[in-house]
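A.B. asks: Sending over data.cif (mmCIF, C-alpha atoms).
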data_structure
loop_
_atom_site.group_PDB
_atom_site.id
_atom_site.type_symbol
_atom_site.label_atom_id
_atom_site.label_comp_id
_atom_site.auth_asym_id
_atom_site.auth_seq_id
_atom_site.Cartn_x
_atom_site.Cartn_y
_atom_site.Cartn_z
ATOM 1 C CA MET T 284 -270.492 15.759 185.418
ATOM 2 C CA SER T 285 -269.281 13.887 188.485
ATOM 3 C CA GLY T 286 -272.826 12.505 188.916
ATOM 4 C CA LYS T 287 -272.780 11.065 185.390
ATOM 5 C CA LYS T 288 -269.339 9.547 185.959
ATOM 6 C CA HIS T 289 -270.623 7.956 189.175
ATOM 7 C CA VAL T 290 -273.578 6.421 187.317
ATOM 8 C CA ILE T 291 -271.295 5.195 184.536
ATOM 9 C CA SER T 292 -268.849 3.682 187.018
ATOM 10 C CA LYS T 293 -271.764 1.966 188.792
ATOM 11 C CA TRP T 294 -272.944 0.596 185.451
ATOM 12 C CA LEU T 295 -269.495 -0.895 184.869
ATOM 13 C CA GLU T 296 -269.590 -2.761 188.169
ATOM 14 C CA THR T 297 -269.801 -6.516 187.737
ATOM 15 C CA ASP T 298 -272.984 -8.496 188.303
ATOM 16 C CA GLN T 299 -271.264 -10.363 191.126
ATOM 17 C CA TYR T 300 -270.390 -7.118 192.908
ATOM 18 C CA LEU T 301 -273.968 -5.869 192.595
ATOM 19 C CA ILE T 302 -275.276 -9.226 193.851
ATOM 20 C CA GLU T 303 -273.015 -8.989 196.898
ATOM 21 C CA LEU T 304 -274.288 -5.467 197.621
ATOM 22 C CA ILE T 305 -277.883 -6.674 197.383
ATOM 23 C CA VAL T 306 -277.384 -9.813 199.493
ATOM 24 C CA GLU T 307 -275.148 -8.301 202.153
ATOM 25 C CA ASN T 308 -276.538 -4.744 202.397
ATOM 26 C CA ASN T 309 -280.010 -5.017 200.858
ATOM 27 C CA ASP T 310 -278.795 -2.252 198.520
ATOM 28 C CA LYS T 311 -281.800 -0.996 196.535
ATOM 29 C CA ASN T 312 -279.652 0.982 194.076
ATOM 30 C CA ALA T 313 -277.647 -2.127 193.250
ATOM 31 C CA ALA T 314 -280.913 -4.059 192.776
ATOM 32 C CA GLU T 315 -282.289 -1.386 190.437
ATOM 33 C CA LEU T 316 -279.044 -1.375 188.485
ATOM 34 C CA LEU T 317 -278.979 -5.159 188.145
ATOM 35 C CA ILE T 318 -282.656 -5.280 187.100
ATOM 36 C CA GLY T 319 -282.136 -2.412 184.660
ATOM 37 C CA ARG T 320 -279.220 -4.241 183.132
ATOM 38 C CA TYR T 321 -281.280 -7.343 182.322
ATOM 39 C CA TYR T 322 -284.872 -6.107 182.085
ATOM 40 C CA LYS T 323 -285.070 -5.834 178.273
ATOM 41 C CA TYR T 324 -283.290 -9.159 177.832
ATOM 42 C CA VAL T 325 -285.660 -11.018 180.186
ATOM 43 C CA TYR T 326 -288.726 -9.324 178.711
ATOM 44 C CA LYS T 327 -287.637 -10.293 175.192
ATOM 45 C CA GLU T 328 -287.003 -13.919 176.212
ATOM 46 C CA ILE T 329 -290.452 -14.169 177.789
ATOM 47 C CA TYR T 330 -292.206 -12.312 174.973
ATOM 48 C CA ILE T 331 -290.709 -14.712 172.415
ATOM 49 C CA LYS T 332 -292.260 -17.617 174.348
ATOM 50 C CA THR T 333 -295.650 -16.012 175.032
ATOM 51 C CA SER T 334 -296.296 -13.524 172.173
ATOM 52 C CA ASP T 335 -298.278 -11.444 174.659
ATOM 53 C CA ARG T 336 -296.912 -8.050 175.743
ATOM 54 C CA GLU T 337 -298.972 -7.706 178.921
ATOM 55 C CA LEU T 338 -298.255 -11.272 180.001
ATOM 56 C CA ALA T 339 -294.551 -10.822 179.202
ATOM 57 C CA MET T 340 -294.439 -7.699 181.392
ATOM 58 C CA ASP T 341 -296.182 -9.554 184.251
ATOM 59 C CA LEU T 342 -293.889 -12.568 184.000
ATOM 60 C CA THR T 343 -290.819 -10.329 183.714
ATOM 61 C CA GLN T 344 -291.810 -8.639 186.955
ATOM 62 C CA GLU T 345 -292.379 -12.032 188.592
ATOM 63 C CA THR T 346 -288.966 -13.159 187.331
ATOM 64 C CA PHE T 347 -287.191 -10.258 189.002
ATOM 65 C CA ILE T 348 -289.128 -10.724 192.237
ATOM 66 C CA ALA T 349 -288.074 -14.389 192.256
ATOM 67 C CA MET T 350 -284.520 -13.359 191.374
ATOM 68 C CA LEU T 351 -284.322 -10.991 194.341
ATOM 69 C CA LYS T 352 -285.801 -13.605 196.690
ATOM 70 C CA GLY T 353 -283.424 -16.302 195.475
ATOM 71 C CA LEU T 354 -280.285 -14.232 195.132
ATOM 72 C CA LYS T 355 -278.720 -15.661 198.306
ATOM 73 C CA GLY T 356 -278.805 -19.096 196.685
ATOM 74 C CA PHE T 357 -277.166 -17.971 193.441
ATOM 75 C CA ASP T 358 -273.798 -19.663 192.885
ATOM 76 C CA ILE T 359 -271.542 -18.203 190.185
ATOM 77 C CA LYS T 360 -269.648 -21.520 190.099
ATOM 78 C CA LYS T 361 -272.732 -23.357 188.811
ATOM 79 C CA ALA T 362 -273.914 -20.882 186.176
ATOM 80 C CA SER T 363 -273.494 -17.316 185.030
ATOM 81 C CA PHE T 364 -275.980 -14.831 186.438
ATOM 82 C CA LYS T 365 -277.550 -14.387 182.990
ATOM 83 C CA THR T 366 -278.025 -18.166 182.623
ATOM 84 C CA TRP T 367 -279.522 -18.395 186.130
ATOM 85 C CA LEU T 368 -281.876 -15.480 185.418
ATOM 86 C CA THR T 369 -282.896 -16.995 182.069
ATOM 87 C CA ARG T 370 -283.747 -20.241 183.858
ATOM 88 C CA ILE T 371 -285.960 -18.352 186.325
ATOM 89 C CA ALA T 372 -287.727 -16.610 183.432
ATOM 90 C CA GLY T 373 -288.244 -19.928 181.646
ATOM 91 C CA ASN T 374 -289.678 -21.450 184.813
ATOM 92 C CA LYS T 375 -292.109 -18.534 185.171
ATOM 93 C CA VAL T 376 -293.388 -19.184 181.640
ATOM 94 C CA ILE T 377 -293.735 -22.915 182.386
ATOM 95 C CA ASP T 378 -295.557 -22.183 185.662
ATOM 96 C CA TYR T 379 -297.913 -19.815 183.848
ATOM 97 C CA ARG T 380 -298.673 -22.383 181.142
ATOM 98 C CA ARG T 381 -299.360 -25.100 183.719
ATOM 99 C CA SER T 382 -301.620 -22.742 185.629
ATOM 100 C CA ARG T 383 -303.387 -21.651 182.438
ATOM 101 C CA GLN T 384 -303.928 -25.278 181.376
ATOM 102 C CA ASN T 385 -305.305 -26.154 184.813
ATOM 103 C CA HIS T 386 -307.708 -23.228 184.764
ATOM 104 C CA GLU T 387 -308.665 -23.841 181.148
ATOM 105 C CA SER T 388 -309.450 -27.483 181.912
ATOM 106 C CA LEU T 389 -311.449 -26.425 184.996
ATOM 107 C CA LEU T 390 -313.509 -24.005 182.897
ATOM 108 C CA THR T 391 -314.054 -26.624 180.193
ATOM 109 C CA GLU T 392 -315.061 -29.233 182.764
ATOM 110 C CA VAL T 393 -317.519 -26.850 184.405
ATOM 111 C CA LEU T 394 -319.077 -25.942 181.059
ATOM 112 C CA ILE T 395 -319.287 -29.512 179.760
ATOM 113 C CA ASN T 396 -320.614 -31.055 182.982
ATOM 114 C CA TYR T 397 -322.971 -28.230 183.873
ATOM 115 C CA ASP T 398 -326.254 -29.887 182.885
ATOM 116 C CA LYS T 399 -325.209 -33.517 183.208
ATOM 117 C CA PRO T 400 -326.765 -35.253 186.176
ATOM 118 C CA GLY T 401 -324.543 -38.125 187.076
ATOM 119 C CA GLU T 402 -322.716 -39.901 189.769
ATOM 120 C CA GLU T 403 -321.412 -36.656 191.220
ATOM 121 C CA ASP T 404 -322.751 -35.684 194.585
ATOM 122 C CA ILE T 405 -325.132 -32.778 195.084
ATOM 123 C CA GLU T 406 -322.357 -30.495 196.344
ATOM 124 C CA ASP T 407 -320.378 -30.910 193.106
ATOM 125 C CA ASN T 408 -323.501 -30.134 191.073
ATOM 126 C CA VAL T 409 -324.159 -26.982 193.095
ATOM 127 C CA ILE T 410 -320.521 -25.871 192.751
ATOM 128 C CA ASN T 411 -320.608 -26.512 188.980
ATOM 129 C CA LYS T 412 -323.853 -24.564 188.640
ATOM 130 C CA ALA T 413 -322.459 -21.618 190.634
ATOM 131 C CA ALA T 414 -319.232 -21.687 188.622
ATOM 132 C CA LYS T 415 -321.158 -21.801 185.330
ATOM 133 C CA GLU T 416 -323.271 -18.822 186.440
ATOM 134 C CA GLU T 417 -320.138 -16.898 187.397
ATOM 135 C CA ILE T 418 -318.583 -17.679 184.001
ATOM 136 C CA MET T 419 -321.691 -16.512 182.166
ATOM 137 C CA ARG T 420 -321.949 -13.359 184.268
ATOM 138 C CA LYS T 421 -318.327 -12.426 183.549
ATOM 139 C CA LEU T 422 -318.689 -13.312 179.862
ATOM 140 C CA SER T 423 -321.650 -10.957 179.554
ATOM 141 C CA ASN T 424 -319.204 -8.077 180.112
ATOM 142 C CA GLU T 425 -317.140 -9.102 177.081
ATOM 143 C CA ASP T 426 -317.695 -8.133 173.445
ATOM 144 C CA GLU T 427 -319.540 -10.536 171.131
ATOM 145 C CA ASN T 428 -316.370 -11.750 169.361
ATOM 146 C CA THR T 429 -314.696 -12.650 172.659
ATOM 147 C CA ARG T 430 -317.795 -14.503 173.904
ATOM 148 C CA GLN T 431 -318.040 -16.408 170.634
ATOM 149 C CA ILE T 432 -314.337 -17.319 170.687
ATOM 150 C CA PHE T 433 -314.656 -18.538 174.274
ATOM 151 C CA VAL T 434 -317.706 -20.703 173.533
ATOM 152 C CA MET T 435 -316.158 -22.163 170.377
ATOM 153 C CA ARG T 436 -312.944 -23.053 172.172
ATOM 154 C CA ALA T 437 -314.094 -24.012 175.688
ATOM 155 C CA GLU T 438 -317.478 -25.604 174.997
ATOM 156 C CA LYS T 439 -317.089 -26.908 171.458
ATOM 157 C CA GLY T 440 -313.347 -27.656 171.432
ATOM 158 C CA TYR T 441 -312.510 -25.836 168.186
ATOM 159 C CA SER T 442 -308.863 -25.122 167.412
ATOM 160 C CA PHE T 443 -307.712 -21.507 167.198
ATOM 161 C CA ASN T 444 -307.185 -21.945 163.453
ATOM 162 C CA ASP T 445 -310.758 -23.195 162.998
ATOM 163 C CA ILE T 446 -312.128 -20.331 165.072
ATOM 164 C CA ALA T 447 -310.041 -17.818 163.125
ATOM 165 C CA GLN T 448 -311.300 -19.174 159.793
ATOM 166 C CA GLN T 449 -314.940 -19.122 160.870
ATOM 167 C CA MET T 450 -314.685 -15.627 162.318
ATOM 168 C CA ASP T 451 -312.405 -14.285 159.575
ATOM 169 C CA MET T 452 -309.742 -13.300 162.098
ATOM 170 C CA ASN T 453 -306.040 -13.880 162.614
ATOM 171 C CA PRO T 454 -305.376 -17.059 164.704
ATOM 172 C CA SER T 455 -303.107 -15.113 167.075
ATOM 173 C CA THR T 456 -305.899 -12.585 167.653
ATOM 174 C CA THR T 457 -308.355 -15.336 168.567
ATOM 175 C CA LYS T 458 -305.781 -16.926 170.852
ATOM 176 C CA ASN T 459 -305.020 -13.608 172.586
ATOM 177 C CA LYS T 460 -308.714 -12.825 173.075
ATOM 178 C CA TYR T 461 -309.336 -16.312 174.452
ATOM 179 C CA TYR T 462 -306.477 -16.276 176.953
ATOM 180 C CA THR T 463 -307.288 -12.726 178.029
ATOM 181 C CA VAL T 464 -310.833 -13.779 178.912
ATOM 182 C CA ILE T 465 -309.517 -16.979 180.554
ATOM 183 C CA LYS T 466 -307.300 -14.813 182.762
ATOM 184 C CA LYS T 467 -310.315 -12.700 183.785
ATOM 185 C CA LEU T 468 -312.494 -15.745 184.393
ATOM 186 C CA ARG T 469 -309.778 -17.472 186.383
ATOM 187 C CA LYS T 470 -309.937 -14.738 189.006
ATOM 188 C CA GLY T 471 -313.670 -15.259 189.426
ATOM 189 C CA LEU T 472 -313.425 -19.029 189.619
ATOM 190 C CA SER T 473 -310.704 -19.331 192.259
ATOM 191 C CA ASP T 474 -313.387 -20.057 194.881
ATOM 192 C CA TYR T 475 -314.622 -23.104 192.961
ATOM 193 C CA GLU T 476 -311.314 -24.945 192.717
#
Here is a file; write its structure as structure tokens.
C.D. replies:
Amino acid sequence: MSGKKHVISKWLETDQYLIELIVENNDKNAAELLIGRYYKYVYKEIYIKTSDRELAMDLTQETFIAMLKGLKGFDIKKASFKTWLTRIAGNKVIDYRRSRQNHESLLTEVLINYDKPGEEDIEDNVINKAAKEEIMRKLSNEDENTRQIFVMRAEKGYSFNDIAQQMDMNPSTTKNKYYTVIKKLRKGLSDYE
């Protein structure tokens, strides 16, 4: 029973006290307690903005890593801990979206400019050709629906609603499939950026 009381008393400790333990003593138990206290809240906030469970889990983890790294700079006089943590989570979602848009535009540019001889130099043409081949190789590992969704969106510029109507699917399903394959392709294209 004394063990349970100790856990309960730890749970009742204030955020500020836990933060001090983490900053001053690198206290792992205090860090686990603080993360446990806010994990579901942060996950829910991110999931609401992304509608993707796996992505929300990844960004939640990134949020807490950033929180631990930035804890020395936290100032209770400027904002509550929950507000500060929510801001970090929001920034992680924004960073992800920017990154996703950059990679999506890179993929689209590679696909559109693949066969177009132009004013680009030979090196750019070679890089585009290699990137296109890498995209096609990775796409060959995907199911037919995912490949079709990718081509319709990236090469032809269809909206998710248009793709969903043509494929008789839910728009959120087409969007999830598209961004899942984008995430996979992004890893393979990092050398071409």
A.B. asks: At what distance in Å, to one decimal, does CA of Ser382 in chain T lie from CA of Ser423 in chain T?
C.D. replies: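 Calculated distance between CA of Ser423 in chain T and CA of Ser382 in chain T is 24.0 Å.
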A.B. asks: What do you get, as a list in words, if you spell out every residue that the PyMOL selection byres ((chain T and resi 369) around 10) selects here?
C.D. replies: Tyr321, Tyr324, Val325, Glu328, Ile329, Thr346, Ser363, Phe364, Lys365, Thr366, Trp367, Leu368, Arg370, Ile371, Ala372, Gly373, Asn374 and Lys375 of chain T
A.B. asks: Name the closest residue to Thr463 in chain T among the candidates T:Arg381, T:Arg320, T:Arg430, T:Lys361; distances are taken between atoms, counting only C-alpha atoms.
C.D. replies: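 Ranked by minimum distance to Thr463 in chain T, first place goes to T:Arg430.
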A.B. asks: Please compute the CA of Met419 in chain T-CA of Ile446 in chain T distance, one decimal, in Å.
C.D. replies: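 For CA of Met419 in chain T relative to CA of Ile446 in chain T, the distance reads 20.0 Å.
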A.B. asks: For range 295-306 of chain T, please output as a PyMOL selection string all residues within 12 Å (counting only C-alpha atoms; exclusion window: fewer than 3 positions along the same chain).
C.D. replies: chain T and resi 288-292+309-321+350-360+362-365+368
A.B. asks: Those residues you just picked out, can you put them in a file as a short mmCIF file (atom, residue, chain, number, x, y, z; two decimals), in the coordinates of the input with C-alpha atoms?
C.D. replies:
data_model
loop_
_atom_site.label_atom_id
_atom_site.label_comp_id
_atom_site.auth_asym_id
_atom_site.auth_seq_id
_atom_site.Cartn_x
_atom_site.Cartn_y
_atom_site.Cartn_z
CA LYS T 288 -269.34 9.55 185.96
CA HIS T 289 -270.62 7.96 189.18
CA VAL T 290 -273.58 6.42 187.32
CA ILE T 291 -271.30 5.20 184.54
CA SER T 292 -268.85 3.68 187.02
CA ASN T 309 -280.01 -5.02 200.86
CA ASP T 310 -278.80 -2.25 198.52
CA LYS T 311 -281.80 -1.00 196.54
CA ASN T 312 -279.65 0.98 194.08
CA ALA T 313 -277.65 -2.13 193.25
CA ALA T 314 -280.91 -4.06 192.78
CA GLU T 315 -282.29 -1.39 190.44
CA LEU T 316 -279.04 -1.38 188.48
CA LEU T 317 -278.98 -5.16 188.14
CA ILE T 318 -282.66 -5.28 187.10
CA GLY T 319 -282.14 -2.41 184.66
CA ARG T 320 -279.22 -4.24 183.13
CA TYR T 321 -281.28 -7.34 182.32
CA MET T 350 -284.52 -13.36 191.37
CA LEU T 351 -284.32 -10.99 194.34
CA LYS T 352 -285.80 -13.60 196.69
CA GLY T 353 -283.42 -16.30 195.48
CA LEU T 354 -280.29 -14.23 195.13
CA LYS T 355 -278.72 -15.66 198.31
CA GLY T 356 -278.80 -19.10 196.68
CA PHE T 357 -277.17 -17.97 193.44
CA ASP T 358 -273.80 -19.66 192.88
CA ILE T 359 -271.54 -18.20 190.18
CA LYS T 360 -269.65 -21.52 190.10
CA ALA T 362 -273.91 -20.88 186.18
CA SER T 363 -273.49 -17.32 185.03
CA PHE T 364 -275.98 -14.83 186.44
CA LYS T 365 -277.55 -14.39 182.99
CA LEU T 368 -281.88 -15.48 185.42
#
A.B. asks: Rank nothing, just name the residue among T:Met450, T:Met435, T:Ala349, T:Leu422 nearest to Val464 in chain T, using all atoms listed in the file.
C.D. replies: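 For Val464 in chain T, the nearest of the candidates is T:Leu422.
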A.B. asks: So how far away is CA of Gln344 in chain T from CA of Lys467 in chain T, in Å?
C.D. replies: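 Result for CA of Lys467 in chain T versus CA of Gln344 in chain T: 19.2 Å, one decimal.
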A.B. asks: Any chance you could resolve the PyMOL selection byres ((chain T and resi 341) around 12) against this file and give the residues as a ChimeraX atom specification?
C.D. replies: /T:325-326,329-330,333,335-340,342-348,372,375-376,379
A.B. asks: So that I can see what lies close to Ser455 in chain T, please list as a list in words the residues with an atom at most 9 Å from it, counting all atoms listed in the file and leaving out residues fewer than 4 positions away in the same chain.
C.D. replies: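 Final neighbour list, sorted by chain and number: Ser334, Phe443, Asn444, Ala447, Asn459 and Lys460 of chain T.
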A.B. asks: Could you save the residues just selected, with C-alpha atoms, as a CSV table (one decimal), in the coordinates of the input?
C.D. replies:
chain,number,residue,atom,x,y,z
T,334,SER,CA,-296.3,-13.5,172.2
T,443,PHE,CA,-307.7,-21.5,167.2
T,444,ASN,CA,-307.2,-21.9,163.5
T,447,ALA,CA,-310.0,-17.8,163.1
T,459,ASN,CA,-305.0,-13.6,172.6
T,460,LYS,CA,-308.7,-12.8,173.1
